[in-house]
Amino acid sequence: MAEQTAPPVIRDGGTPVKPDAAVVRDALGVGVAVGLSGFAFGVTSAGAGLSLLQTCALSLLVFTGASQFALVGALAAGGNPFTAAAGAFFLGTRNAFYGLRLSQLLALPKAVRPFAAHWVIDETTAVSLAQPSRRAARIGFTVTGLTLYVLWNVTTLLGALGAEAIGDTAAWGLDAAGPAVFLALLAPMLKSATERATAGIAVLLGLGLLPVLPAGVPVLAAALAAPAVLWFRGRGTSAPAAGADRETTIEEDSR
């Protein structure tokens with residue numbers, strides 16, 4: 001028999017209220033599923049030549065999976081450390097834009113914000129934005145962030161310790177686990193044509209330039225997709241307006 005989900009309660013003001021248990025269940029599901037991929041990062045980082053301390057420090061202090069994979073992936077491919085760090089940094093700047101939206105949604109006390117900022121990542125943002133109320137968003141953010149942070153760091157340690165037992169880490173393809181999870185979370189959020197075009201061009205730039213540019217640089221080049229799409233979109237919207245102005249001028253001259 002299919003599991004039946006209780007419908008959300010509707011308050012007098014019309015705002016749906018999701019049961020706390022349902023929010024916790026969804027948040028735990030995301031936190032556990034993604035947190036276990038920290039093992040793949042630990043293995044990949046150790047295979048790239050980073051020490052156990054360096055690997056664990058990345059997860060504890062950086063804590064943004066896609067950027068961590070980008071960094072160790074570029075180092076494993078023989079890329080320059082500064083280029084690899086720059087690529088990871090620019091990839092991680094997306095969290096700053098998440099923070100702008102979450103700061104309004106969660107409205108956390110000022111004393112808590114510096115600590116909460118460390119948990120502003122793809123998964124906590126996705127869970128928080130999916131909630132119908134501020135209370136549910138806060139619960140989803142907290143449970144997802146705590147679960148993911150603990151599991152990600154524990155599995156990172158286990159992965160780094162077990163890297164020697166696995167052997168050739170590249171043969172297992174574990175470096176693809178993190179980006180795959182990131183894409184799985186990102187894809188449902190690409191709803192508009194502009195967002196899909198930006199993602200598509202970024203993929204083409206990254207993959208197309210991968211054989212000809214040093215490791216880490218294609219990630220930086222892929223960031224050009226956003227301003228390119230916005231520029232073309234601006235030209236498309238300004239062209240009809242210019243045409244309308246010309247038509248208005250012609251009508252005024254004919255009077």
# chains A, B, ... in the order shown; residues from 1 in each chain; ligands from 1
>>> residues_around(residues="Tyr149 (chain A)", least_positions_apart="3", cutoff="10 Å", atoms="only C-alpha atoms", output="list in words")
Gly31, Val32, Val34, Gly35, Gly38, Ser59, Leu60, Phe63, Thr64, His118, Trp119, Val143, Thr144, Gly145, Leu146, Trp152, Asn153 and Val154 of chain A
>>> residues_around(residues="Gly99 (chain A)", least_positions_apart="6", cutoff="9 Å", atoms="only C-alpha atoms", output="MDAnalysis selection string")
chainID A and resid 117 120:121 125
>>> write_last_selection(atoms="all heavy atoms", output="compact mmCIF listing (two decimals), in the first residue's frame")
# COMPACT_ATOMS: atom_id res chain seq x y z
N ALA A 117 25.87 30.96 8.79
CA ALA A 117 26.44 31.22 7.47
C ALA A 117 27.32 30.07 6.99
O ALA A 117 27.43 29.82 5.78
CB ALA A 117 27.26 32.52 7.51
N VAL A 120 25.30 27.58 4.97
CA VAL A 120 24.58 28.03 3.77
C VAL A 120 25.22 27.36 2.55
O VAL A 120 26.22 27.82 2.03
CB VAL A 120 24.63 29.57 3.65
CG1 VAL A 120 23.96 30.01 2.35
CG2 VAL A 120 23.93 30.22 4.83
N ILE A 121 24.63 26.26 2.14
CA ILE A 121 25.13 25.49 1.00
C ILE A 121 23.94 25.08 0.14
O ILE A 121 22.80 25.46 0.41
CB ILE A 121 25.91 24.24 1.48
CG1 ILE A 121 25.06 23.42 2.44
CG2 ILE A 121 27.23 24.64 2.14
CD1 ILE A 121 25.71 22.13 2.90
N THR A 125 19.91 25.25 1.41
CA THR A 125 19.11 26.23 0.68
C THR A 125 17.92 25.58 0.01
O THR A 125 16.79 26.09 0.07
CB THR A 125 19.98 26.94 -0.38
OG1 THR A 125 21.10 27.57 0.26
CG2 THR A 125 19.18 27.99 -1.13
>>> closest_residue(among="A:Leu71, A:Leu91, A:Ala130, A:Leu151", to="Leu105 (chain A)", atoms="only C-alpha atoms")
A:Ala130
>>> closest_residue(among="A:Ser37, A:Thr198, A:Gln104, A:Gln68", to="Val229 (chain A)", atoms="only C-alpha atoms")
A:Thr198
